[in-house]
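Everything on this sheet refers to the single structure shown next.
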Amino acid sequence: MLVVFGPEIGGAIAGTAGLSSIFEVVWNVVQWPVLIFFVVFAFALVYYYAPDVEQRFRWISPGSIVAVLLWLIFSLLFSIYVEMSDSFNVTYGAFAGIIILMLYIYYSAFIMLVSAQLNQVIEEHIPGGKDEGEKTLNTDQ
């Protein structure tokens, strides 16, 4: 929501609280580090809870950093592509929005899976990583 509605949220806060236009400029700059923090945190949670293995929680992992960078680059390029391409409405008609959303979710999930695989490969090959026998599934449930 910060990406799409960030400036409007900053303007609403500034108008309601009686703050000057300087707040809006500061808000537009500060919203990006806040957004990146929440995205890194979300990836860290997924990479911790999704695999059914015992592991320690890491805020920042190589896979989450790669995922955030690739996702931000992909989001920027995808938005430019969608804005420049009029073929979606011609090809899909009323379903264009749904098709675009499905494509975005598909490629975002692909980026997340590739980065999770990167975490797993790094975990196997670093000296302090898990040995093959330690990579067991949780059976306590």
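In the structure tokens, each chain is lettered A, B, ... as it comes, each chain's residues begin at 1, and ligands are numbered from 1 in order of appearance.
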
Can you list, as a PDB file with C-alpha atoms, in the first residue's frame, every protein, DNA or RNA residue that comes within 9 Å of Val66 (chain A) when you count only C-alpha atoms, leaving out same-chain residues fewer than 3 positions away?
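This is the output file selection.pdb:
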```
ATOM      1  CA  SER A  61      19.829 -13.639   4.854  1.00  0.00           C
ATOM      2  CA  PRO A  62      21.473 -13.615   1.439  1.00  0.00           C
ATOM      3  CA  GLY A  63      18.295 -14.968  -0.118  1.00  0.00           C
ATOM      4  CA  LEU A  69      16.423  -6.419  -4.781  1.00  0.00           C
ATOM      5  CA  LEU A  70      15.059  -8.625  -7.564  1.00  0.00           C
ATOM      6  CA  TRP A  71      11.479  -7.950  -6.503  1.00  0.00           C
ATOM      7  CA  ILE A 111      11.601 -14.616  -7.269  1.00  0.00           C
ATOM      8  CA  SER A 115      15.905 -16.756  -3.381  1.00  0.00           C
ATOM      9  CA  LEU A 118      19.750 -19.621  -2.738  1.00  0.00           C
TER      10      LEU A 118
END
```

Exercise. Contacts of Ala44 (chain A) at 10 Å or less, counting only C-alpha atoms, minus same-chain residues fewer than 6 places along, as a list in words?
Worked result: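 Everything that qualifies: Phe38, Ala50, Phe57, Arg58, Trp59, Ile60, Ser61, Gly63, Ser64, Ile65 and Ala116 of chain A.
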
For this session: Can you check which residues of chain A DSSP gives as helix (DSSP H, G or I) on the backbone and send them as a ChimeraX atom specification?
Result: /A:2-17,21-49,62-84,87-125,132-134

Exercise. Which residues come within 12 Å of Ala67 (chain A), counting only C-alpha atoms, excluding same-chain residues fewer than 5 positions away, as a PyMOL selection string?
Worked result: chain A and resi 36+39-44+46-47+60-62+72-75+107-119

Selection file, N, CA and C atoms, as a PDB file, in the first residue's frame:
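As written to disk, part_29.pdb reads:
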```pdb
ATOM      1  N   ILE A  36      11.054  -1.087   2.443  1.00  0.00           N
ATOM      2  CA  ILE A  36      12.098  -2.106   2.295  1.00  0.00           C
ATOM      3  C   ILE A  36      12.243  -2.898   3.589  1.00  0.00           C
ATOM      4  N   VAL A  39       9.345  -5.371   3.760  1.00  0.00           N
ATOM      5  CA  VAL A  39       9.478  -6.437   2.765  1.00  0.00           C
ATOM      6  C   VAL A  39      10.557  -7.428   3.194  1.00  0.00           C
ATOM      7  N   VAL A  40      11.699  -6.923   3.688  1.00  0.00           N
ATOM      8  CA  VAL A  40      12.756  -7.816   4.183  1.00  0.00           C
ATOM      9  C   VAL A  40      12.230  -8.642   5.359  1.00  0.00           C
ATOM     10  N   PHE A  41      11.482  -8.017   6.246  1.00  0.00           N
ATOM     11  CA  PHE A  41      10.907  -8.734   7.385  1.00  0.00           C
ATOM     12  C   PHE A  41       9.923  -9.807   6.922  1.00  0.00           C
ATOM     13  N   ALA A  42       9.098  -9.481   5.929  1.00  0.00           N
ATOM     14  CA  ALA A  42       8.140 -10.461   5.407  1.00  0.00           C
ATOM     15  C   ALA A  42       8.860 -11.649   4.773  1.00  0.00           C
ATOM     16  N   PHE A  43       9.909 -11.383   3.992  1.00  0.00           N
ATOM     17  CA  PHE A  43      10.682 -12.471   3.398  1.00  0.00           C
ATOM     18  C   PHE A  43      11.360 -13.303   4.481  1.00  0.00           C
ATOM     19  N   ALA A  44      11.870 -12.647   5.521  1.00  0.00           N
ATOM     20  CA  ALA A  44      12.517 -13.389   6.609  1.00  0.00           C
ATOM     21  C   ALA A  44      11.518 -14.307   7.304  1.00  0.00           C
ATOM     22  N   VAL A  46       8.775 -15.619   5.971  1.00  0.00           N
ATOM     23  CA  VAL A  46       8.451 -16.717   5.055  1.00  0.00           C
ATOM     24  C   VAL A  46       9.583 -17.732   5.022  1.00  0.00           C
ATOM     25  N   TYR A  47      10.820 -17.259   4.961  1.00  0.00           N
ATOM     26  CA  TYR A  47      11.956 -18.171   4.886  1.00  0.00           C
ATOM     27  C   TYR A  47      12.192 -18.904   6.200  1.00  0.00           C
ATOM     28  N   ILE A  60      18.146 -11.031   8.374  1.00  0.00           N
ATOM     29  CA  ILE A  60      18.677 -10.781   7.033  1.00  0.00           C
ATOM     30  C   ILE A  60      19.462 -12.004   6.606  1.00  0.00           C
ATOM     31  N   SER A  61      19.103 -12.521   5.440  1.00  0.00           N
ATOM     32  CA  SER A  61      19.829 -13.639   4.854  1.00  0.00           C
ATOM     33  C   SER A  61      20.165 -13.254   3.417  1.00  0.00           C
ATOM     34  N   PRO A  62      21.133 -13.944   2.830  1.00  0.00           N
ATOM     35  CA  PRO A  62      21.473 -13.615   1.439  1.00  0.00           C
ATOM     36  C   PRO A  62      20.267 -13.746   0.505  1.00  0.00           C
ATOM     37  N   LEU A  72      12.108  -5.601  -6.215  1.00  0.00           N
ATOM     38  CA  LEU A  72      11.975  -4.169  -6.483  1.00  0.00           C
ATOM     39  C   LEU A  72      12.279  -3.854  -7.945  1.00  0.00           C
ATOM     40  N   ILE A  73      13.343  -4.458  -8.484  1.00  0.00           N
ATOM     41  CA  ILE A  73      13.678  -4.245  -9.896  1.00  0.00           C
ATOM     42  C   ILE A  73      12.568  -4.777 -10.790  1.00  0.00           C
ATOM     43  N   PHE A  74      12.093  -5.994 -10.484  1.00  0.00           N
ATOM     44  CA  PHE A  74      10.998  -6.567 -11.263  1.00  0.00           C
ATOM     45  C   PHE A  74       9.759  -5.696 -11.199  1.00  0.00           C
ATOM     46  N   SER A  75       9.402  -5.205 -10.012  1.00  0.00           N
ATOM     47  CA  SER A  75       8.206  -4.378  -9.864  1.00  0.00           C
ATOM     48  C   SER A  75       8.309  -3.104 -10.696  1.00  0.00           C
ATOM     49  N   TYR A 107       5.327 -14.104 -11.015  1.00  0.00           N
ATOM     50  CA  TYR A 107       6.754 -13.776 -11.075  1.00  0.00           C
ATOM     51  C   TYR A 107       7.304 -13.373  -9.707  1.00  0.00           C
ATOM     52  N   SER A 108       6.496 -12.757  -8.872  1.00  0.00           N
ATOM     53  CA  SER A 108       6.939 -12.452  -7.507  1.00  0.00           C
ATOM     54  C   SER A 108       7.190 -13.736  -6.717  1.00  0.00           C
ATOM     55  N   ALA A 109       6.309 -14.713  -6.864  1.00  0.00           N
ATOM     56  CA  ALA A 109       6.496 -16.006  -6.199  1.00  0.00           C
ATOM     57  C   ALA A 109       7.728 -16.718  -6.740  1.00  0.00           C
ATOM     58  N   PHE A 110       7.973 -16.606  -8.035  1.00  0.00           N
ATOM     59  CA  PHE A 110       9.163 -17.210  -8.633  1.00  0.00           C
ATOM     60  C   PHE A 110      10.429 -16.601  -8.041  1.00  0.00           C
ATOM     61  N   ILE A 111      10.453 -15.291  -7.879  1.00  0.00           N
ATOM     62  CA  ILE A 111      11.601 -14.616  -7.269  1.00  0.00           C
ATOM     63  C   ILE A 111      11.783 -15.107  -5.835  1.00  0.00           C
ATOM     64  N   MET A 112      10.689 -15.261  -5.094  1.00  0.00           N
ATOM     65  CA  MET A 112      10.778 -15.728  -3.716  1.00  0.00           C
ATOM     66  C   MET A 112      11.336 -17.153  -3.653  1.00  0.00           C
ATOM     67  N   LEU A 113      10.891 -18.022  -4.553  1.00  0.00           N
ATOM     68  CA  LEU A 113      11.366 -19.412  -4.550  1.00  0.00           C
ATOM     69  C   LEU A 113      12.829 -19.518  -4.953  1.00  0.00           C
ATOM     70  N   VAL A 114      13.251 -18.752  -5.941  1.00  0.00           N
ATOM     71  CA  VAL A 114      14.662 -18.775  -6.348  1.00  0.00           C
ATOM     72  C   VAL A 114      15.544 -18.295  -5.203  1.00  0.00           C
ATOM     73  N   SER A 115      15.118 -17.273  -4.506  1.00  0.00           N
ATOM     74  CA  SER A 115      15.905 -16.756  -3.381  1.00  0.00           C
ATOM     75  C   SER A 115      15.896 -17.719  -2.195  1.00  0.00           C
ATOM     76  N   ALA A 116      14.804 -18.432  -1.989  1.00  0.00           N
ATOM     77  CA  ALA A 116      14.771 -19.456  -0.938  1.00  0.00           C
ATOM     78  C   ALA A 116      15.738 -20.581  -1.281  1.00  0.00           C
ATOM     79  N   GLN A 117      15.801 -20.942  -2.547  1.00  0.00           N
ATOM     80  CA  GLN A 117      16.755 -21.957  -2.983  1.00  0.00           C
ATOM     81  C   GLN A 117      18.186 -21.476  -2.768  1.00  0.00           C
ATOM     82  N   LEU A 118      18.429 -20.196  -2.998  1.00  0.00           N
ATOM     83  CA  LEU A 118      19.750 -19.621  -2.738  1.00  0.00           C
ATOM     84  C   LEU A 118      20.114 -19.760  -1.265  1.00  0.00           C
ATOM     85  N   ASN A 119      19.168 -19.478  -0.365  1.00  0.00           N
ATOM     86  CA  ASN A 119      19.412 -19.667   1.070  1.00  0.00           C
ATOM     87  C   ASN A 119      19.762 -21.116   1.379  1.00  0.00           C
TER      88      ASN A 119
END
```

Exercise. How many Å lie between CA of Ile80 (chain A) and CA of Trp32 (chain A), rounded to one decimal?
Worked result: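 The value is 18.6 Å.
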
Exercise. Counting only C-alpha atoms, what is within 10 Å of Trp27 (chain A), bar same-chain residues fewer than 5 positions away, as a VMD selection string?
Worked result: chain A and resid 6 to 7 9 to 11 13 to 14 21 to 22 32
